[in-house]
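Structure first, commentary second.
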Amino acid sequence: MGKTIILNGSPRAPKSNSKRYADIFLEHSKGTADYMDIRKNNHGEICEMLDGYTDVLLAFPLYADGIPVTLLDFLKALESAPPDKKPVISVMINCGFIESSQNDTAIRMVELFCRQNGYTFGSVLKIGSGEAILDTPFRVFVNSKIKKLYTSISTGKYGTFDVAMPISKSLFVKASTKFWIEYGKKNGVTEKEMRAMEIEG
Amino acid sequence: MKLILSDRPLDIRPEDFKEIKYIDLSSLNISNCVGCFGCWTKTPGKCVIRDDAVSVYPLIAQSDEIIYVSRIKYGGYDTVMKTMLERAIPVQQAFIQILDGETHHVQRDVALKKAKIMAYGCTNEEEKDVFRQLIGRNAKNMNFKNHEVVFTSEEDVCDMVSKEVEKWEKQ
């Protein structure tokens, strides 16, 4: 069995949803996987470590329709300092929209990196409604898909999986509106204030 | 208002034209978005990081014609432009709506715009195809009325932008 490292490419890595998804993967891995946040100042350290791993799982959110700058800059560093033995690269991506397919462009970017730099592209888990799903009863579906993702990577039988809240789009809009109103309320900001049309007004 | 947003210096003289603003992002101090959701849930419409980005995203929002000039990396914008676009999230609300059958964020006061993307540094057809897909996604999330992607070289990009500015002058 190989060894996997999860690299968290979220801009808010330690407090991110990507970290919560990574934690579920770690539970399933039972000690066969490690975890690191990608930070501005640890690219070299991570590149050097990769020789010890057969698989890398990039965990990150969709950001402005693509991969976050945090991950982009790391991939550029990895291009400059590749490990001697290149691991298989898999992806676990989440977005706040209900359609997990909105992650597809960002996944293609990682595939392109792999093709351009001689890495084998492995498994994919694309998560829709990723901002809130872990705090709903639908968490069980996420747990199940992450287990499948883990199994696919650990057995080398790579595959593509997806998960999102199994509700209608209109119900999702209502639920997400409630979620964000509650989020603002914790900061003392009303729904009306959050709906301000002014920018830097 | 027309805006040229570039990730590199361009030899153009926008001061000749009242309606055209030109921003060289490489000359500005713009930090990475930290994903705090402050611009949605603490100070709506305003980023909590008060660097040069806060003078740029209102112009992106106001523009009804925009030219983006960016190097391409892995089928997406390279670091300079991508950093700015991530910091432009205050132009959207946290709230979600259904647009063309998909869920997207509600825009604040963002003008519907014609967008032209001058992309340089593409290595092959696959990378161009990924970038076109990205711009198709941007169109929905960045309020494009229509858009055009032009692939060019870094050497030629300045001339290409100058020609577009000439067209704007004649409008």
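A note on labels: chains of the structure tokens are A, B, ... as shown, every chain counts residues from 1, and ligands are counted from 1 in their shown order.
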**Prompt:** Could you name the residues that touch A:Phe113 at 12 Å or less, counting only C-alpha atoms, but leaving out those on the same chain fewer than 3 positions away, as a ChimeraX atom specification?
**Reply:** /A:67,71-79,89-90,106-110,116-121 /B:73-76,123,126-127,130
Limited to N, CA and C atoms, could you put the picked residues into a file as a short mmCIF file (atom, residue, chain, number, x, y, z; two decimals), in the first residue's frame?
data_model
loop_
_atom_site.label_atom_id
_atom_site.label_comp_id
_atom_site.auth_asym_id
_atom_site.auth_seq_id
_atom_site.Cartn_x
_atom_site.Cartn_y
_atom_site.Cartn_z
N ILE A 67 -8.67 27.38 -9.80
CA ILE A 67 -7.92 26.98 -8.61
C ILE A 67 -7.48 28.24 -7.85
N LEU A 71 -2.93 27.59 -4.36
CA LEU A 71 -2.57 26.34 -5.02
C LEU A 71 -1.79 26.60 -6.31
N LEU A 72 -2.21 27.59 -7.07
CA LEU A 72 -1.52 27.93 -8.32
C LEU A 72 -0.03 28.19 -8.06
N ASP A 73 0.24 29.00 -7.04
CA ASP A 73 1.65 29.33 -6.76
C ASP A 73 2.43 28.10 -6.30
N PHE A 74 1.76 27.21 -5.57
CA PHE A 74 2.45 25.98 -5.17
C PHE A 74 2.75 25.10 -6.38
N LEU A 75 1.80 24.98 -7.29
CA LEU A 75 2.03 24.14 -8.48
C LEU A 75 3.20 24.70 -9.31
N LYS A 76 3.29 26.03 -9.36
CA LYS A 76 4.42 26.64 -10.08
C LYS A 76 5.75 26.30 -9.39
N ALA A 77 5.73 26.30 -8.07
CA ALA A 77 6.95 25.93 -7.32
C ALA A 77 7.29 24.46 -7.57
N LEU A 78 6.26 23.62 -7.61
CA LEU A 78 6.48 22.19 -7.83
C LEU A 78 7.03 21.95 -9.24
N GLU A 79 6.58 22.75 -10.18
CA GLU A 79 7.10 22.65 -11.55
C GLU A 79 8.61 22.94 -11.57
N ILE A 89 -1.35 12.40 -8.61
CA ILE A 89 -2.03 13.56 -8.03
C ILE A 89 -3.55 13.42 -8.18
N SER A 90 -4.25 13.47 -7.03
CA SER A 90 -5.71 13.41 -7.01
C SER A 90 -6.26 14.73 -6.48
N ALA A 106 -11.67 23.91 -12.77
CA ALA A 106 -10.52 23.86 -11.85
C ALA A 106 -9.86 22.47 -11.90
N ILE A 107 -10.67 21.43 -12.03
CA ILE A 107 -10.11 20.08 -12.12
C ILE A 107 -9.29 19.93 -13.40
N ARG A 108 -9.81 20.49 -14.49
CA ARG A 108 -9.05 20.43 -15.76
C ARG A 108 -7.71 21.16 -15.63
N MET A 109 -7.67 22.21 -14.81
CA MET A 109 -6.40 22.94 -14.62
C MET A 109 -5.36 22.03 -13.96
N VAL A 110 -5.80 21.27 -12.96
CA VAL A 110 -4.86 20.35 -12.30
C VAL A 110 -4.44 19.24 -13.26
N GLN A 116 1.39 18.50 -18.31
CA GLN A 116 2.54 19.33 -18.70
C GLN A 116 3.81 18.95 -17.93
N ASN A 117 3.63 18.32 -16.76
CA ASN A 117 4.79 18.08 -15.91
C ASN A 117 5.06 16.61 -15.62
N GLY A 118 4.37 15.72 -16.33
CA GLY A 118 4.67 14.30 -16.24
C GLY A 118 4.18 13.60 -14.99
N TYR A 119 3.08 14.09 -14.41
CA TYR A 119 2.47 13.41 -13.27
C TYR A 119 1.26 12.61 -13.75
N THR A 120 1.01 11.47 -13.14
CA THR A 120 -0.22 10.74 -13.41
C THR A 120 -1.35 11.39 -12.62
N PHE A 121 -2.47 11.62 -13.31
CA PHE A 121 -3.64 12.19 -12.64
C PHE A 121 -4.49 11.04 -12.08
N LYS B 73 -1.60 30.36 -17.18
CA LYS B 73 -0.85 29.27 -16.55
C LYS B 73 -1.83 28.14 -16.22
N TYR B 74 -1.50 26.96 -16.66
CA TYR B 74 -2.37 25.78 -16.44
C TYR B 74 -3.82 26.05 -16.86
N GLY B 75 -3.98 26.80 -17.94
CA GLY B 75 -5.31 27.04 -18.47
C GLY B 75 -6.10 28.10 -17.74
N GLY B 76 -5.47 28.79 -16.80
CA GLY B 76 -6.16 29.86 -16.06
C GLY B 76 -5.32 31.12 -16.06
N THR B 123 0.38 27.47 -24.08
CA THR B 123 1.37 26.54 -24.63
C THR B 123 0.80 25.63 -25.72
N GLU B 126 -4.91 22.45 -25.90
CA GLU B 126 -5.64 22.01 -24.70
C GLU B 126 -5.72 23.14 -23.69
N GLU B 127 -4.60 23.86 -23.53
CA GLU B 127 -4.59 24.96 -22.56
C GLU B 127 -5.56 26.06 -23.02
N VAL B 130 -9.09 24.92 -22.12
CA VAL B 130 -9.41 25.07 -20.69
C VAL B 130 -9.68 26.54 -20.38
#
Practice task
Would you kindly return, as an MDAnalysis selection string, each protein, DNA or RNA residue with an atom no farther than 9 Å from any atom of B:Ser27, considering only C-alpha atoms and excluding same-chain residues fewer than 3 positions away?
Solution key: chainID B and resid 7:9 23:24
Save out the residues we just selected, N, CA and C atoms, as a short mmCIF file (atom, residue, chain, number, x, y, z; two decimals), in the first residue's frame.
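Result file follows (out39.cif):
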data_model
loop_
_atom_site.label_atom_id
_atom_site.label_comp_id
_atom_site.auth_asym_id
_atom_site.auth_seq_id
_atom_site.Cartn_x
_atom_site.Cartn_y
_atom_site.Cartn_z
N ASP B 7 -1.87 42.62 -16.44
CA ASP B 7 -0.94 42.04 -15.46
C ASP B 7 0.51 42.44 -15.78
N ARG B 8 0.69 43.29 -16.81
CA ARG B 8 2.04 43.74 -17.18
C ARG B 8 1.94 45.16 -17.68
N PRO B 9 3.06 45.89 -17.66
CA PRO B 9 3.00 47.25 -18.19
C PRO B 9 2.71 47.23 -19.68
N ILE B 23 -5.10 50.14 -15.85
CA ILE B 23 -4.47 49.73 -14.59
C ILE B 23 -3.44 48.64 -14.86
N ASP B 24 -2.21 48.90 -14.44
CA ASP B 24 -1.15 47.88 -14.51
C ASP B 24 -1.08 47.22 -13.14
#
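Within 6 Å of chain A, and using only C-alpha atoms, the residues found on chain B are Val34, Gly35, Thr41, Lys42, Pro44, Gly45, Lys46, Tyr74, Gly75, Glu86, Phe95, Ile96, Thr103, Arg108 and Asp109 of chain B.
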Go ahead and save the picked residues with N, CA and C atoms, as an mmCIF file, in the first residue's frame.
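Listed below is the output, selection-v1.cif:
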data_model
loop_
_atom_site.group_PDB
_atom_site.id
_atom_site.type_symbol
_atom_site.label_atom_id
_atom_site.label_comp_id
_atom_site.auth_asym_id
_atom_site.auth_seq_id
_atom_site.Cartn_x
_atom_site.Cartn_y
_atom_site.Cartn_z
ATOM 1 N N VAL B 34 -7.932 36.175 1.766
ATOM 2 C CA VAL B 34 -7.746 35.218 2.858
ATOM 3 C C VAL B 34 -9.003 34.380 3.106
ATOM 4 N N GLY B 35 -10.018 34.591 2.282
ATOM 5 C CA GLY B 35 -11.227 33.757 2.390
ATOM 6 C C GLY B 35 -11.998 33.958 3.669
ATOM 7 N N THR B 41 -20.077 39.400 4.900
ATOM 8 C CA THR B 41 -20.802 39.238 6.167
ATOM 9 C C THR B 41 -20.354 40.179 7.297
ATOM 10 N N LYS B 42 -19.323 40.985 7.076
ATOM 11 C CA LYS B 42 -18.901 41.937 8.125
ATOM 12 C C LYS B 42 -19.008 43.373 7.630
ATOM 13 N N PRO B 44 -20.171 44.528 4.220
ATOM 14 C CA PRO B 44 -20.649 44.148 2.881
ATOM 15 C C PRO B 44 -20.223 45.136 1.789
ATOM 16 N N GLY B 45 -19.606 44.585 0.733
ATOM 17 C CA GLY B 45 -19.167 45.418 -0.388
ATOM 18 C C GLY B 45 -17.777 45.997 -0.224
ATOM 19 N N LYS B 46 -17.158 45.753 0.926
ATOM 20 C CA LYS B 46 -15.812 46.288 1.168
ATOM 21 C C LYS B 46 -14.903 45.167 1.652
ATOM 22 N N TYR B 74 -1.503 26.955 -16.660
ATOM 23 C CA TYR B 74 -2.367 25.780 -16.436
ATOM 24 C C TYR B 74 -3.822 26.046 -16.864
ATOM 25 N N GLY B 75 -3.978 26.800 -17.940
ATOM 26 C CA GLY B 75 -5.308 27.041 -18.472
ATOM 27 C C GLY B 75 -6.100 28.104 -17.742
ATOM 28 N N GLU B 86 -9.595 37.288 -7.413
ATOM 29 C CA GLU B 86 -10.043 36.718 -6.130
ATOM 30 C C GLU B 86 -10.388 37.830 -5.133
ATOM 31 N N PHE B 95 -25.346 35.934 -1.103
ATOM 32 C CA PHE B 95 -26.589 35.235 -1.449
ATOM 33 C C PHE B 95 -26.529 34.612 -2.847
ATOM 34 N N ILE B 96 -27.245 33.521 -2.963
ATOM 35 C CA ILE B 96 -27.232 32.725 -4.191
ATOM 36 C C ILE B 96 -28.550 32.916 -4.932
ATOM 37 N N THR B 103 -26.876 27.756 -10.048
ATOM 38 C CA THR B 103 -26.782 28.648 -8.892
ATOM 39 C C THR B 103 -25.519 29.510 -9.000
ATOM 40 N N ARG B 108 -23.680 42.791 -6.837
ATOM 41 C CA ARG B 108 -24.073 44.118 -6.337
ATOM 42 C C ARG B 108 -24.246 45.039 -7.553
ATOM 43 N N ASP B 109 -23.821 46.307 -7.443
ATOM 44 C CA ASP B 109 -24.025 47.253 -8.537
ATOM 45 C C ASP B 109 -22.915 47.065 -9.578
#
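Proximity to A:Tyr150 was assessed for A:Lys3, A:Arg20, A:Lys85, A:His43 counting only C-alpha atoms; the smallest distance is recorded for A:Lys3.
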- request: Name the closest residue to A:Leu58 among the candidates A:Thr136, A:Ser101, A:Ser18, A:Thr160; distances are taken between atoms, counting only C-alpha atoms.
  value: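 Going through A:Thr136, A:Ser101, A:Ser18, A:Thr160 one by one, the smallest distance to A:Leu58 is for A:Ser18.
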(Q) Please extract the residues of chain A with a backbone DSSP assignment of strand (DSSP E or B) and present them as a PyMOL selection string. (A) chain A and resi 4-8+33-37+55-61+63+66+88-94+121-127+160-163
